[in-house]
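Asker: Have a look at this one.
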Amino acid sequence: MIPETPLVAALARKGFTPTSRRAESQRLVRRADDRHDHVLLELAPASWLLRLARRPRSVVDIVTGVVWPIGEQAFARPVPAEPPVPQQVHAATGFSSLCEAEVDPATAAAAVDDWCRRLEEPLVALRVGAISEPIRRLEFAVVTSQSAIGREAAEAARRAAEQLPPARREREQARIDLALDRLPST
């Protein structure tokens with residue numbers, strides 16, 4: 001487990017700023033015009049002794065996600081200021097193995113920063129499979145004009161939509177149809 005305060009300081013040196021803190025988690029964000037990098041630190045439960053001593057808690061998991069605002073704006077959806085990670089971010093990964101290995105905070109911060117920087121563009125994330133949800137893959141294929149990836153994603157999205165309850169299935173099918181209409185034909 002990594003100590004929370006040194007990790008937050010190491011992430012701050014990489015450009016992440018703390019935005020919120022809840023009882024069992026802390027969130028840091030690095031925003032640019034074309035992307036938002038989110039880091040969610042899952043904290044170990046605080047014992048009464050740690051609270052009395054005002055000691056920092058340990059980080060038991062690090063979840064990182066990227067939001068590309070253009071992906072939401074292209075389909076007239078608002079860009080959430082703090083999307084749930086990993087559910088609403090476009091690409092996400094976890095670094096729990098770093099917490100289990102008890103690496104130093106600077107190494108963990110460097111790994112998080114490196115992962116985010118490798119996914120600089122949505123096209124790169126789409127090609128390497130970092131955007132894994134089929135409907136999002138389809139929408140980003142539209143945004144990046146990747147018809148082959150879009151057609152594969154549309155088939156996977158239709159199969160996934162068939163498993164949903166009727167009301168949600170209709171919404172997803174409409175979302176798929178809208179994206180397919182915008183997908184380049186070549």
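By convention here, the chains of the structure tokens are called A, B, ... in the order presented, each chain's residues are numbered starting at 1, and ligands are numbered starting at 1 in the order presented.
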Could you give me, as a list in words, each residue of region 31-166 of chain A that DSSP assigns to strand (DSSP E or B) when run on this structure's backbone?
Answerer: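 DSSP on the backbone gives strand (DSSP E or B) at Arg31, His36, Asp37, His38, Val39, Leu40, Leu41, Glu42, Leu43, Ser58, Val59, Val60, Asp61, Ile62, Val63, Thr64, Gly65, Val66, Val67, Ala91, Ala92, Thr93 and Gly94 of chain A.
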Asker: Could you save those same residues with N, CA, C and O atoms as a compact mmCIF listing (two decimals), in the first residue's frame?
Answerer:
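For reference, again01.txt as written:
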```txt
# COMPACT_ATOMS: atom_id res chain seq x y z
N ARG A 31 -6.67 18.73 -16.37
CA ARG A 31 -7.53 19.11 -17.48
C ARG A 31 -6.77 19.89 -18.54
O ARG A 31 -5.98 20.77 -18.22
N HIS A 36 -9.26 15.27 -20.47
CA HIS A 36 -9.27 15.34 -19.01
C HIS A 36 -8.77 14.01 -18.48
O HIS A 36 -9.35 12.97 -18.79
N ASP A 37 -7.71 14.03 -17.70
CA ASP A 37 -7.17 12.83 -17.07
C ASP A 37 -7.65 12.78 -15.63
O ASP A 37 -7.43 13.73 -14.87
N HIS A 38 -8.30 11.70 -15.25
CA HIS A 38 -8.84 11.54 -13.90
C HIS A 38 -8.12 10.42 -13.18
O HIS A 38 -7.86 9.36 -13.76
N VAL A 39 -7.79 10.64 -11.92
CA VAL A 39 -7.17 9.61 -11.08
C VAL A 39 -8.02 9.48 -9.83
O VAL A 39 -8.31 10.47 -9.15
N LEU A 40 -8.45 8.26 -9.55
CA LEU A 40 -9.23 7.98 -8.36
C LEU A 40 -8.39 7.10 -7.45
O LEU A 40 -7.98 6.00 -7.84
N LEU A 41 -8.10 7.60 -6.26
CA LEU A 41 -7.33 6.84 -5.27
C LEU A 41 -8.31 6.21 -4.29
O LEU A 41 -9.04 6.92 -3.61
N GLU A 42 -8.33 4.89 -4.25
CA GLU A 42 -9.17 4.17 -3.29
C GLU A 42 -8.35 4.03 -2.01
O GLU A 42 -7.25 3.48 -2.04
N LEU A 43 -8.88 4.54 -0.91
CA LEU A 43 -8.15 4.57 0.35
C LEU A 43 -8.54 3.41 1.27
O LEU A 43 -9.69 2.96 1.25
N SER A 58 -3.52 4.78 3.64
CA SER A 58 -2.85 4.09 2.55
C SER A 58 -3.77 3.99 1.34
O SER A 58 -4.98 3.90 1.48
N VAL A 59 -3.18 3.99 0.16
CA VAL A 59 -3.92 3.83 -1.08
C VAL A 59 -3.92 2.35 -1.43
O VAL A 59 -2.87 1.73 -1.52
N VAL A 60 -5.11 1.77 -1.60
CA VAL A 60 -5.21 0.35 -1.92
C VAL A 60 -5.45 0.10 -3.40
O VAL A 60 -5.23 -1.00 -3.90
N ASP A 61 -5.89 1.12 -4.14
CA ASP A 61 -6.08 0.98 -5.57
C ASP A 61 -6.02 2.35 -6.24
O ASP A 61 -6.41 3.35 -5.64
N ILE A 62 -5.50 2.37 -7.45
CA ILE A 62 -5.43 3.58 -8.25
C ILE A 62 -6.15 3.28 -9.56
O ILE A 62 -5.77 2.34 -10.27
N VAL A 63 -7.19 4.03 -9.87
CA VAL A 63 -7.92 3.87 -11.12
C VAL A 63 -7.76 5.16 -11.91
O VAL A 63 -7.99 6.25 -11.39
N THR A 64 -7.36 5.03 -13.16
CA THR A 64 -7.10 6.18 -14.01
C THR A 64 -8.00 6.12 -15.23
O THR A 64 -8.20 5.05 -15.81
N GLY A 65 -8.54 7.28 -15.62
CA GLY A 65 -9.40 7.34 -16.79
C GLY A 65 -9.17 8.62 -17.57
O GLY A 65 -8.70 9.62 -17.03
N VAL A 66 -9.51 8.55 -18.86
CA VAL A 66 -9.36 9.70 -19.76
C VAL A 66 -10.72 10.02 -20.37
O VAL A 66 -11.45 9.12 -20.78
N VAL A 67 -11.03 11.31 -20.41
CA VAL A 67 -12.23 11.79 -21.10
C VAL A 67 -11.76 12.74 -22.19
O VAL A 67 -11.00 13.67 -21.93
N ALA A 91 -11.71 5.85 -21.57
CA ALA A 91 -10.71 4.79 -21.43
C ALA A 91 -10.29 4.75 -19.97
O ALA A 91 -10.13 5.80 -19.34
N ALA A 92 -10.11 3.56 -19.42
CA ALA A 92 -9.75 3.44 -18.00
C ALA A 92 -8.85 2.24 -17.78
O ALA A 92 -8.88 1.27 -18.54
N THR A 93 -8.06 2.33 -16.74
CA THR A 93 -7.22 1.21 -16.31
C THR A 93 -6.98 1.32 -14.81
O THR A 93 -7.15 2.39 -14.23
N GLY A 94 -6.59 0.22 -14.21
CA GLY A 94 -6.30 0.20 -12.78
C GLY A 94 -4.83 -0.10 -12.53
O GLY A 94 -4.18 -0.78 -13.32
```
Asker: Please build the interface table for region 38-126 of chain A against region 5-11 of chain A with a cut-off of 7 Å, listing for each qualifying residue the nearest atom pair and the distance in Å to one decimal; count only C-alpha atoms, order rows by chain and increasing number, and write it as CSV.
Answerer:
```
residue,atom,partner,partner_atom,distance
A:Pro56,CA,A:Thr5,CA,6.1
A:Pro105,CA,A:Leu7,CA,4.6
A:Ala106,CA,A:Ala10,CA,5.5
A:Ala109,CA,A:Leu11,CA,5.2
```
Asker: A:Ile135, A:Leu183, A:Ala12, A:Val143: which is nearest Glu155 (chain A), counting only C-alpha atoms?
Answerer: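 Among the listed residues, A:Ile135 lies closest to Glu155 (chain A).
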Asker: Between A:Ile131, A:Ile2, A:Ala108, A:Val89, which residue has the minimum interatomic distance to Glu72 (chain A), considering only C-alpha atoms?
Answerer: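 So, comparing all the options, the nearest one is A:Val89.
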Asker: Quick one: residues within 7 Å of Arg57 (chain A), only C-alpha atoms counted, chain neighbours fewer than 2 positions away excluded, as a list in words?
Answerer: Pro3, Glu4, Leu43, Ala44, Ala46, Arg55 and Val59 of chain A
Asker: Looking at A:Glu133, A:Ala141, A:Asp33, A:Arg117, which one is nearest to Pro86 (chain A), with distances taken over only C-alpha atoms?
Answerer: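 Nearest to Pro86 (chain A): A:Glu133.
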Asker: So the first atom is CA of Glu172 (chain A) and the second is CA of Ser145 (chain A); what is the distance between them in Å, to one decimal place?
Answerer: 20.8 Å
